[in-house]
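Since the structure comes first, as structure tokens, the remarks are kept for the end.
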There are 4 protein chains.
Amino acid sequence: MAGNSFGTLFRVTTFGESHGKALGAVIDGCPPGLTLNEAYIQEELDKRRPGKGKGETPRKERDRVEILSGVFEGLTTGTPIALIIYNEDPQSSAYESLREVFRPGHADFTYYMKYGIRDHRGGGRASGRETVARVAAGAVAKRLLEEYGIEVHAYTINLGGIEAKERDLNFVYQNRLFAPDPEAYEKMLQKIEETVKEGDTLGGIVEILAKNVPVGLGEPVFDKLSADLAKAIFSVGAVKGFEMGAGFKVAYLKGSQNNDPITKKGFTKNDAGGTLGGISSGQDLIIRVAVKPIPSHRLPQKTINLHKEEVEIQISGRHDLSAIPRIVPVLSAMTRIVLADHLLRQLALLAFRNRLSFPCFFED
Amino acid sequence: MAGNSFGTLFRVTTFGESHGKALGAVIDGCPPGLTLNEAYIQEELDKRRPGKGKGETPRKERDRVEILSGVFEGLTTGTPIALIIYNEDPQSSAYESLREVFRPGHADFTYYMKYGIRDHRGGGRASGRETVARVAAGAVAKRLLEEYGIEVHAYTINLGGIEAKERDLNFVYQNRLFAPDPEAYEKMLQKIEETVKEGDTLGGIVEILAKNVPVGLGEPVFDKLSADLAKAIFSVGAVKGFEMGAGFKVAYLKGSQNNDPITKKGFTKNDAGGTLGGISSGQDLIIRVAVKPIPSHRLPQKTINLHKEEVEIQISGRHDLSAIPRIVPVLSAMTRIVLADHLLRQLALLAFRNRLSFPCFFED
Amino acid sequence: MAGNSFGTLFRVTTFGESHGKALGAVIDGCPPGLTLNEAYIQEELDKRRPGKGKGETPRKERDRVEILSGVFEGLTTGTPIALIIYNEDPQSSAYESLREVFRPGHADFTYYMKYGIRDHRGGGRASGRETVARVAAGAVAKRLLEEYGIEVHAYTINLGGIEAKERDLNFVYQNRLFAPDPEAYEKMLQKIEETVKEGDTLGGIVEILAKNVPVGLGEPVFDKLSADLAKAIFSVGAVKGFEMGAGFKVAYLKGSQNNDPITKKGFTKNDAGGTLGGISSGQDLIIRVAVKPIPSHRLPQKTINLHKEEVEIQISGRHDLSAIPRIVPVLSAMTRIVLADHLLRQLALLAFRNRLSFPCFFED
Amino acid sequence: MAGNSFGTLFRVTTFGESHGKALGAVIDGCPPGLTLNEAYIQEELDKRRPGKGKGETPRKERDRVEILSGVFEGLTTGTPIALIIYNEDPQSSAYESLREVFRPGHADFTYYMKYGIRDHRGGGRASGRETVARVAAGAVAKRLLEEYGIEVHAYTINLGGIEAKERDLNFVYQNRLFAPDPEAYEKMLQKIEETVKEGDTLGGIVEILAKNVPVGLGEPVFDKLSADLAKAIFSVGAVKGFEMGAGFKVAYLKGSQNNDPITKKGFTKNDAGGTLGGISSGQDLIIRVAVKPIPSHRLPQKTINLHKEEVEIQISGRHDLSAIPRIVPVLSAMTRIVLADHLLRQLALLAFRNRLSFPCFFED
């Protein structure tokens with residue numbers, strides 16, 4: 001049943017299938033008075049658009065976003081902001097041969113068993129294409145966070161086993177893999193070329209960095225900032241792992257090593273990854289996300305069909321070689337949506353602590 | 001603001017602080033007609049009780065649970081089940097010296113900054129003790145899941161760097177570390193002994209295994225089963241990483257390696273970890289959780305106090321050496337709470353698909 | 001902040017302003033496998049379309065609904081159903097003179113004070129036009145309820161003080177006021193004619209009748225069926241009163257008069273209006289709703305403007321004389337949305353009580 | 001399924017049955033730093049305690065509230081406030097004869113059909129006794145609202161057909177019926193005396209008045225302040241009608257009569273009842289609530305039992321003659337809970353509009 005909304009005060013609802021008429025998002029709870037236009041949102045969408053690189057789908061998606069509501073004379077009004085992106089190039093015919101087959105690694109089987117029916121065209125709602133709506137919504141969150149100076153960056157620190165050593169944020173936005181390390185970037189390109197030849201696909205790891213996050217975001221005990229981030233990130237298809245700060249390495253650390261000492265000037269290191277007790281500490285948020293290889297490779301695969309017959313399939317069509325780099329702006333978007341929501345939640349508390357007064361209009 | 005509830009149809013709300021009067025949980029949405037009594041819940045609570053082992057807090061907590069509502073003549077009635085555990089041995093005086101100090105690695109600083117006030121006694125609401133209410137609520141979820149044959153196990157696969165090779169579920173319940181490997185267990189005990197001597201603490205990794213999970217649990221796109229599990233697990237203090245199936249290893253796998261082939265008899269392997277597109281596939285759920293070392297070690301630590309003075313502290317008092325093993329039943333509990341909720345959500349859908357009829361009482 | 005969604009399992013989110021680009025609804029949680037097309041939804045929308053009658057706005061709204069997602073090959077898929085209605089005839093210029101004025105009886109003042117900004121064109125989000133999205137969403141709920149034989153009717157039992165004595169459901173759908181009484185209908189038309197001449201507007205009372213509602217819908221204690229109906233109905237602009245069964249008359253009844261006796265064949269009367277303890281009893285739901293006169297009459301009115309100056313205004317433009325009859329299908333729609341949601345919620349419970357089994361696919 | 005929580009940021013969850021061990025509430029989202037103690041809450045509880053008057057149950061309930069969590073050294077901490085009231089005098093034996101009978105006007109039949117089981121003792125969860133938890137939670141909301149000078153009053157304007165003409169708020173708290181009119185009060189007492197003799201019970205109407213409500217509370221379009229109030233009030237057992245301002249009289253008013261003109265000094269009258277477009281206008285909230293007669297009168301009643309046999313019953317035991325006056329503080333409590341929630345929701349928006357800054361701790 002209902003599961004396509006996210007957030008409490010800043011609430012995003014998305015809709016749309018890979019080969020349906022349109023995808024979109026309704027952002028409910030965006031405060032009024034923010035400048036917002038389509039160009040601003042488009043800039044984020046363009047980051048996840050397939051390009052012309054090796055290993056990227058040649059599907060043509062201009063992905064033009066349109067604002068349908070919630071903005072008046074260039075400013076948000078406080079009412080729901082509906083964003084729509086029409087599907088322009090849905091070549092469904094390529095999927096006709098897969099209509100009755102469950103592709104391994106995809107959600108074909110689980111959707112069919114859950115619903116007793118499925119839109120087989122390109123994965124339907126389970127397609128990565130669904131994330132276009134998240135990125136559009138995330139752009140609104142970005143606009144909101146700018147008012148508090150909060151920045152979110154995401155970049156590819158591992159692609160197909162090639163690890164980035166450096167963290168050069170400028171370089172991130174200058175290469176089409178969002179790699180933070182020029183040397184690793186070259187090796188990643190090579191790896192891609194090899195893998196395309198093999199007809200196979202690659203996984204990787206994305207790091208998310210949020211700067212200038214105020215202290216105090218997150219609600220004990222279930223709606224911790226860290227917990228809501230984990231949910232947000234894990235709700236993105238292809239994600240198989242999530243860690244903060246030292247992450248899985250904590251198994252090998254002692255308390256005396258793992259604790260971040262505190263001085264008058266702040267924490268001296270950041271193994272926590274930006275939260276303590278699940279509440280933001282004012283340090284940078286540091287998150288790493290494991291992304292599985294795209295299941296639609298070109299090699300033969302064993303599976304079954306609706307009639308319970310075992311078959312061997314070979315997937316053609318327009319597919320990416322890796323969810324990376326297109327997942328990178330999606331992960332930024334989800335991080336921003338969580339931060340926008342928790343920013344507003346904590347503002348309610350702070351406003352009360354400050355006994356913030358309500359505006360009056362009438363003469364006494 | 002509000003953040004102490006979890007779930008949609010099976011909804012758990014918890015309350016209580018480490019050194020307050022009582023901790024408890026309200027379980028709203030438990031179906032009627034289930035046998036339930038205090039002994040059943042107590043059995044789960046006893047699993048997280050501090051024992052007499054090396055490295056475990058000598059704090060005496062009988063943790064007697066009492067059912068206050070929602071059960072009548074031994075059966076659940078469908079109304080909220082309130083569970084209470086009174087605190088019996090709150091020695092707050094040990095914390096008096098820490099009243100104005102922010103302990104590194106704890107939530108002292110973030111709670112203070114968030115709320116402008118804190119209950120300094122043993123971490124207050126941020127204490128691991130909070131999880132007693134989760135375990136009590138998880139016992140109710142366990143009772144519900146039994147009706148569908150769903151089992152959840154959790155066990156320590158890494159403590160302080162010592163890795164378990166084996167997965168012997170019988171052994172898990174025969175040792176006080178919930179280790180699944182007798183050999184690793186012995187080494188873990190040794191590691192504990194050493195670390196106690198050092199005055200330090202240990203982290204580790206817990207694996208969660210859920211068996212007999214029906215296919216179809218989880219709601220696209222935000223309320224994926226995997227996403228709700230990530231949130232549930234990450235809402236537990238000390239958790240710094242969460243992965244499913246192949247987890248972070250997917251970065252090194254190709255699509256042809258990572259996909260799980262499907263035959264008439266089911267999947268031939270389980271790199272997915274039990275979900276596809278975030279929806280349960282009928283395979284076992286396999287989750288791994290990184291647990292940081294307890295921040296309250298006995299070595300000197302640098303920090304600051306409320307007056308912004310830099311101080312060196314040394315923590316005494318009754319503390320565990322590791323969140324493991326006590327966190328293990330907590331992780332099982334949270335997993336069960338998620339599964340109970342999603343079971344009911346999917347039952348609504350299936351009931352409609354089956355046009356399940358409503359009972360009638362009157363003659364026509 | 002966020003407040004444009006309604007429901008738990010069957011969840012409706014709406015967006016759009018009176019003179020914006022489009023209005024729409026996202027229905028999340030509609031079960032799969034239902035036949036649904038645009039013609040079906042259009043039929044409901046046409047019921048709230050302004051006609052050519054006296055006292056109705058001449059604004060031309062074809063209000064063509066388009067299904068953007070969630071339906072594949074004529075069947076719902078279980079994923080979000082997005083519906084859109086583009087605004088075709090938004091003559092905003094008529095509102096230019098009201099840009100800085102707070103119209104009495106409208107939400108101009110409260111929106112301005114809440115948001116510090118407002119879309120003044122035709123009331124923006126506060127316009128009655130917003131309800132077009134509710135009616136579209138309600139059509140999906142109607143389709144769902146049909147599967148269980150549940151019917152909702154609404155009709156005008158009082159317009160401008162003219163009371164309907166009869167309850168002729170056939171006649172309801174044969175007159176443009178949804179009046180259930182031919183005699184009262186004639187008098188209402190007369191009243192309308194008079195009031196148009198005066199330049200004034202009328203209020204009234206709508207009755208809602210839901211038939212074949214199964215017993216057991218509604219969740220104690222806050223999410224009672226009756227409570228959720230009260231909220232749903234009171235969320236419609238212009239509603240100032242809500243009562244069930246005997247309603248406000250209960251003040252004059254004794255317990256021995258008000259109780260509905262029960263026999264083998266059912267209840268012998270229905271003063272309760274279809275719920276006991278807030279849970280449906282299997283009797284018809286009977287609700288009455290007070291609808292205030294449209295505040296945009298044509299007589300001079302005293303008010304103030306943004307600059308705190310007292311002004312006298314006279315509203316021209318295209319306005320209805322009464323929210324009735326256009327509110328009638330809106331009230332049916334909201335009632336259906338509540339019933340669809342609670343039907344699914346109770347189905348989850350019944351499915352568990354029946355230990356409904358999950359489908360299997362693989363050979364053992 | 002789950003339905004025992006209310007509110008978004010200020011969230012109340014209640015539990016407990018009439019003859020169970022205890023009743024209670026968990027208030028999640030109460031801001032930190034408020035003074036709060038048991039005496040303060042007790043004062044509210046004492047208002048709904050059965051007294052020694054004619055027509056009131058002689059059941060002895062001291063209803064001592066205990067704070068279990070969320071308050072430290074006399075101040076709220078921001079964490080969940082759990083309140084408990086143990087049942088001291090549950091004489092269940094009186095209900096033994098009713099174990100298999102469905103009492104007319106009660107929820108016996110609907111609970112049985114919904115759950116397939118019921119706690120027959122005193123109505124179980126459907127008992128008016130459930131409201132003790134609401135009053136306790138409402139006291140916390142009261143404490144919060146005091147900080148903004150918001151006051152809620154409720155009083156009996158009709159009991160058994162006797163109408164109050166006056167609105168003397170001082171007198172309200174000086175008589176045990178919460179009547180605002182000394183003359184009507186005397187007549188009400190007389191009416192009670194007569195009705196007790198008849199063995200019958202009475203309904204009535206309660207008016208709620210909220211003063212100093214800031215402008216801007218309520219979220220379009222579904223979470224209007226008015227809509228949430230309607231739900232809150234209708235979630236109280238025995239309520240059959242809810243209206244605001246002119247209420248059902250709007251059917252007889254023209255737009256020119258119903259609109260409230262606006263001047264520099266504010267609105268010149270209040271037919272709206274305090275909201276426009278569902279958002280508070282800064283005027284007093286005025287609500288009227290229809291309360292049905294207690295169904296447990298002492299006259300013979302026709303009904304059926306579990307075995308589908310028609311029986312005649314006569315209810316003895318300790319019962320009130322009317323839900324009034326005990327429902328009066330319950331209605332105040334629910335109103336306060338809604339206002340506290342919406343106050344915090346609007347504070348989040350205002351805080352953002354003001355770019356309220358977050359506290360810093362560290363040196364630059």
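As shown in the structure tokens, the chain order sets the letters A, B, ...; within each chain, residues go from 1, and ligands are also counted from 1 in the order they appear.
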
inquiry  = Taking only C-alpha atoms into account and nothing else, which residues of chain A lie no more than 10 Å away from chain D? Please answer as number ranges by chain.
reply    = A: 8-9, 29-34, 78-80, 144, 147-148, 214-216, 219-221, 262-267, 282, 343-364

query = Can you tell me, as JSON, numbers by chain, what residues are no more than 9 Å from Gly160 (chain C) when counting only C-alpha atoms, ignoring any on the same chain fewer than 4 positions away?
reply = {"C": [188, 191, 192, 201, 202, 203, 204, 205, 293, 322], "D": [250, 251, 252, 253, 254]}

message = Env of Pro329 (chain B): 8 Å cut, atoms = only C-alpha atoms, seq-sep filter 4 positions within chain, self excluded. Answer as a list in words.
response = Glu44, Lys47, Arg48, Val135, Ala154 and Ala333 of chain B

Would you please give, as an mmCIF file with N, CA and C atoms, in the first residue's frame, all residues of region 164-321 of chain C that DSSP assigns to helix (DSSP H, G or I) based on the backbone?
```
data_model
loop_
_atom_site.group_PDB
_atom_site.id
_atom_site.type_symbol
_atom_site.label_atom_id
_atom_site.label_comp_id
_atom_site.auth_asym_id
_atom_site.auth_seq_id
_atom_site.Cartn_x
_atom_site.Cartn_y
_atom_site.Cartn_z
ATOM 1 N N LEU C 169 -33.569 9.048 -4.201
ATOM 2 C CA LEU C 169 -32.203 8.955 -4.743
ATOM 3 C C LEU C 169 -32.177 9.004 -6.263
ATOM 4 N N ASN C 170 -33.225 8.501 -6.887
ATOM 5 C CA ASN C 170 -33.256 8.590 -8.354
ATOM 6 C C ASN C 170 -33.322 10.031 -8.816
ATOM 7 N N PHE C 171 -34.167 10.779 -8.140
ATOM 8 C CA PHE C 171 -34.322 12.176 -8.536
ATOM 9 C C PHE C 171 -33.019 12.971 -8.364
ATOM 10 N N VAL C 172 -32.247 12.576 -7.357
ATOM 11 C CA VAL C 172 -30.978 13.273 -7.073
ATOM 12 C C VAL C 172 -30.139 13.466 -8.331
ATOM 13 N N PRO C 182 -38.432 16.584 -5.447
ATOM 14 C CA PRO C 182 -38.830 17.416 -6.591
ATOM 15 C C PRO C 182 -39.481 18.727 -6.177
ATOM 16 N N GLU C 183 -40.289 18.674 -5.124
ATOM 17 C CA GLU C 183 -40.987 19.881 -4.697
ATOM 18 C C GLU C 183 -39.988 20.911 -4.147
ATOM 19 N N ALA C 184 -39.128 20.444 -3.282
ATOM 20 C CA ALA C 184 -38.121 21.352 -2.719
ATOM 21 C C ALA C 184 -37.226 21.897 -3.831
ATOM 22 N N TYR C 185 -36.956 21.051 -4.785
ATOM 23 C CA TYR C 185 -36.099 21.467 -5.905
ATOM 24 C C TYR C 185 -36.660 22.717 -6.586
ATOM 25 N N GLU C 186 -37.949 22.702 -6.844
ATOM 26 C CA GLU C 186 -38.568 23.856 -7.506
ATOM 27 C C GLU C 186 -38.421 25.112 -6.654
ATOM 28 N N LYS C 187 -38.650 24.930 -5.370
ATOM 29 C CA LYS C 187 -38.537 26.092 -4.472
ATOM 30 C C LYS C 187 -37.099 26.593 -4.395
ATOM 31 N N MET C 188 -36.158 25.660 -4.429
ATOM 32 C CA MET C 188 -34.740 26.055 -4.387
ATOM 33 C C MET C 188 -34.388 26.884 -5.619
ATOM 34 N N LEU C 189 -34.875 26.437 -6.781
ATOM 35 C CA LEU C 189 -34.603 27.193 -8.013
ATOM 36 C C LEU C 189 -35.110 28.625 -7.894
ATOM 37 N N GLN C 190 -36.311 28.735 -7.319
ATOM 38 C CA GLN C 190 -36.922 30.047 -7.113
ATOM 39 C C GLN C 190 -36.059 30.903 -6.185
ATOM 40 N N LYS C 191 -35.632 30.262 -5.112
ATOM 41 C CA LYS C 191 -34.784 30.956 -4.137
ATOM 42 C C LYS C 191 -33.499 31.446 -4.798
ATOM 43 N N ILE C 192 -32.940 30.608 -5.634
ATOM 44 C CA ILE C 192 -31.722 30.987 -6.357
ATOM 45 C C ILE C 192 -31.990 32.224 -7.213
ATOM 46 N N GLU C 193 -33.071 32.176 -7.952
ATOM 47 C CA GLU C 193 -33.405 33.281 -8.849
ATOM 48 C C GLU C 193 -33.503 34.595 -8.077
ATOM 49 N N GLU C 194 -34.221 34.554 -6.980
ATOM 50 C CA GLU C 194 -34.357 35.741 -6.123
ATOM 51 C C GLU C 194 -32.990 36.247 -5.650
ATOM 52 N N THR C 195 -32.189 35.288 -5.202
ATOM 53 C CA THR C 195 -30.919 35.677 -4.578
ATOM 54 C C THR C 195 -29.940 36.214 -5.605
ATOM 55 N N VAL C 196 -29.966 35.649 -6.802
ATOM 56 C CA VAL C 196 -29.138 36.199 -7.886
ATOM 57 C C VAL C 196 -29.493 37.669 -8.093
ATOM 58 N N LYS C 197 -30.779 37.930 -8.098
ATOM 59 C CA LYS C 197 -31.227 39.317 -8.286
ATOM 60 C C LYS C 197 -30.698 40.235 -7.194
ATOM 61 N N GLU C 198 -30.723 39.729 -5.993
ATOM 62 C CA GLU C 198 -30.226 40.517 -4.852
ATOM 63 C C GLU C 198 -28.707 40.708 -4.912
ATOM 64 N N LEU C 225 -13.654 5.754 12.407
ATOM 65 C CA LEU C 225 -14.209 6.051 11.083
ATOM 66 C C LEU C 225 -14.919 7.400 11.127
ATOM 67 N N SER C 226 -15.684 7.608 12.182
ATOM 68 C CA SER C 226 -16.435 8.861 12.310
ATOM 69 C C SER C 226 -15.487 10.059 12.397
ATOM 70 N N ALA C 227 -14.382 9.906 13.095
ATOM 71 C CA ALA C 227 -13.440 11.016 13.262
ATOM 72 C C ALA C 227 -12.740 11.328 11.943
ATOM 73 N N ASP C 228 -12.357 10.296 11.222
ATOM 74 C CA ASP C 228 -11.698 10.541 9.940
ATOM 75 C C ASP C 228 -12.676 11.128 8.926
ATOM 76 N N LEU C 229 -13.934 10.724 9.006
ATOM 77 C CA LEU C 229 -14.947 11.346 8.146
ATOM 78 C C LEU C 229 -15.107 12.820 8.501
ATOM 79 N N ALA C 230 -15.144 13.114 9.787
ATOM 80 C CA ALA C 230 -15.294 14.511 10.221
ATOM 81 C C ALA C 230 -14.146 15.353 9.673
ATOM 82 N N LYS C 231 -12.942 14.834 9.777
ATOM 83 C CA LYS C 231 -11.789 15.575 9.258
ATOM 84 C C LYS C 231 -11.887 15.747 7.749
ATOM 85 N N ALA C 232 -12.183 14.660 7.051
ATOM 86 C CA ALA C 232 -12.243 14.696 5.588
ATOM 87 C C ALA C 232 -13.257 15.726 5.121
ATOM 88 N N ILE C 233 -14.403 15.723 5.737
ATOM 89 C CA ILE C 233 -15.474 16.627 5.315
ATOM 90 C C ILE C 233 -15.133 18.060 5.718
ATOM 91 N N PHE C 234 -14.599 18.234 6.918
ATOM 92 C CA PHE C 234 -14.273 19.586 7.385
ATOM 93 C C PHE C 234 -13.050 20.163 6.672
ATOM 94 N N GLY C 247 -27.309 13.458 15.199
ATOM 95 C CA GLY C 247 -26.541 14.705 15.206
ATOM 96 C C GLY C 247 -26.869 15.600 16.383
ATOM 97 N N PHE C 248 -27.031 16.880 16.103
ATOM 98 C CA PHE C 248 -27.259 17.843 17.189
ATOM 99 C C PHE C 248 -28.571 17.593 17.922
ATOM 100 N N LYS C 249 -29.462 16.807 17.327
ATOM 101 C CA LYS C 249 -30.725 16.505 18.021
ATOM 102 C C LYS C 249 -30.520 15.649 19.268
ATOM 103 N N VAL C 250 -29.353 15.010 19.385
ATOM 104 C CA VAL C 250 -29.131 14.160 20.557
ATOM 105 C C VAL C 250 -29.239 14.937 21.860
ATOM 106 N N ALA C 251 -29.057 16.250 21.773
ATOM 107 C CA ALA C 251 -29.166 17.067 22.988
ATOM 108 C C ALA C 251 -30.572 16.980 23.572
ATOM 109 N N TYR C 252 -31.526 16.636 22.728
ATOM 110 C CA TYR C 252 -32.928 16.627 23.152
ATOM 111 C C TYR C 252 -33.472 15.211 23.320
ATOM 112 N N GLY C 255 -31.474 8.602 26.554
ATOM 113 C CA GLY C 255 -30.789 7.366 26.170
ATOM 114 C C GLY C 255 -31.753 6.316 25.655
ATOM 115 N N SER C 256 -32.901 6.214 26.286
ATOM 116 C CA SER C 256 -33.861 5.188 25.880
ATOM 117 C C SER C 256 -34.435 5.479 24.498
ATOM 118 N N GLN C 257 -34.385 6.742 24.094
ATOM 119 C CA GLN C 257 -34.857 7.102 22.751
ATOM 120 C C GLN C 257 -33.749 6.978 21.717
ATOM 121 N N ASN C 258 -32.559 7.317 22.132
ATOM 122 C CA ASN C 258 -31.455 7.428 21.174
ATOM 123 C C ASN C 258 -30.839 6.074 20.812
#
```

Contacts of Ser97 (chain A) within 10 Å, only C-alpha atoms, excl. fewer than 2 positions in-chain, as number ranges by chain = A: 93-95, 99-101, 120, 313, 315

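Nearest residue to Asn87 (chain D), choosing from D:Leu339, D:Val65, D:Ile304, D:Val330 and counting only C-alpha atoms: D:Val65.
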
query = What lies within 10 Å of Thr35 (chain D) using only C-alpha atoms, ignoring chain neighbours under 4 positions off, as a VMD selection string?
reply = chain D and resid 40 71 to 77 140 143 to 144

Would you save the residues from that selection as a compact mmCIF listing (two decimals), in the first residue's frame, using all heavy atoms?
```txt
# COMPACT_ATOMS: atom_id res chain seq x y z
N TYR D 40 0.29 19.64 38.52
CA TYR D 40 -0.29 20.41 37.42
C TYR D 40 -1.23 19.56 36.58
O TYR D 40 -2.33 19.98 36.22
CB TYR D 40 0.84 20.99 36.55
CG TYR D 40 0.35 21.87 35.43
CD1 TYR D 40 0.14 23.23 35.62
CD2 TYR D 40 0.06 21.33 34.18
CE1 TYR D 40 -0.32 24.04 34.59
CE2 TYR D 40 -0.40 22.12 33.15
CZ TYR D 40 -0.60 23.48 33.35
OH TYR D 40 -1.07 24.27 32.34
N VAL D 71 10.61 14.23 32.07
CA VAL D 71 10.74 15.40 32.94
C VAL D 71 11.93 15.16 33.86
O VAL D 71 12.05 14.09 34.45
CB VAL D 71 9.45 15.63 33.77
CG1 VAL D 71 9.62 16.81 34.72
CG2 VAL D 71 8.27 15.86 32.83
N PHE D 72 12.82 16.14 33.96
CA PHE D 72 14.01 16.00 34.78
C PHE D 72 14.21 17.27 35.58
O PHE D 72 14.24 18.36 35.01
CB PHE D 72 15.22 15.72 33.87
CG PHE D 72 16.52 15.61 34.61
CD1 PHE D 72 16.67 14.71 35.66
CD2 PHE D 72 17.61 16.40 34.25
CE1 PHE D 72 17.88 14.59 36.34
CE2 PHE D 72 18.82 16.29 34.92
CZ PHE D 72 18.95 15.39 35.98
N GLU D 73 14.31 17.13 36.86
CA GLU D 73 14.47 18.28 37.76
C GLU D 73 13.41 19.35 37.50
O GLU D 73 13.70 20.55 37.45
CB GLU D 73 15.90 18.84 37.63
CG GLU D 73 16.94 17.80 38.06
CD GLU D 73 18.39 18.30 38.00
OE1 GLU D 73 18.65 19.27 37.28
OE2 GLU D 73 19.24 17.70 38.70
N GLY D 74 12.17 18.86 37.26
CA GLY D 74 11.05 19.78 37.14
C GLY D 74 10.83 20.39 35.78
O GLY D 74 9.90 21.16 35.58
N LEU D 75 11.68 20.02 34.82
CA LEU D 75 11.55 20.59 33.47
C LEU D 75 11.39 19.48 32.44
O LEU D 75 12.02 18.42 32.56
CB LEU D 75 12.79 21.41 33.12
CG LEU D 75 13.07 22.66 33.96
CD1 LEU D 75 14.40 23.29 33.55
CD2 LEU D 75 11.95 23.68 33.84
N THR D 76 10.60 19.75 31.42
CA THR D 76 10.53 18.81 30.31
C THR D 76 11.88 18.80 29.60
O THR D 76 12.58 19.81 29.54
CB THR D 76 9.45 19.22 29.31
OG1 THR D 76 9.75 20.53 28.81
CG2 THR D 76 8.07 19.26 29.97
N THR D 77 12.23 17.60 29.07
CA THR D 77 13.55 17.46 28.45
C THR D 77 13.48 17.41 26.93
O THR D 77 14.52 17.38 26.27
CB THR D 77 14.23 16.16 28.93
OG1 THR D 77 13.39 15.07 28.53
CG2 THR D 77 14.43 16.15 30.43
N VAL D 140 -0.51 18.55 29.42
CA VAL D 140 0.81 18.91 28.91
C VAL D 140 0.67 19.95 27.79
O VAL D 140 1.42 20.93 27.73
CB VAL D 140 1.56 17.65 28.43
CG1 VAL D 140 2.94 18.03 27.88
CG2 VAL D 140 1.70 16.64 29.56
N ARG D 143 0.04 23.28 29.28
CA ARG D 143 1.27 23.89 29.80
C ARG D 143 2.05 24.58 28.68
O ARG D 143 2.57 25.70 28.85
CB ARG D 143 2.09 22.78 30.46
CG ARG D 143 3.28 23.20 31.25
CD ARG D 143 2.95 24.15 32.37
NE ARG D 143 4.14 24.98 32.61
CZ ARG D 143 4.48 26.05 31.90
NH1 ARG D 143 3.72 26.49 30.93
NH2 ARG D 143 5.57 26.72 32.19
N LEU D 144 2.10 23.90 27.54
CA LEU D 144 2.80 24.44 26.37
C LEU D 144 2.10 25.70 25.87
O LEU D 144 2.75 26.72 25.59
CB LEU D 144 2.81 23.35 25.29
CG LEU D 144 3.62 23.53 24.02
CD1 LEU D 144 3.80 22.16 23.36
CD2 LEU D 144 2.98 24.46 23.02
```

task = Please identify which residues in region 220-258 of chain C DSSP calls strand (DSSP E) from the backbone, and express them as a list in words.
result = Val239, Lys240, Gly241, Phe242, Glu243 and Met244 of chain C

query = Distance CA of Val311 (chain D)-CA of Leu98 (chain D), one decimal place?
reply = 11.2 Å
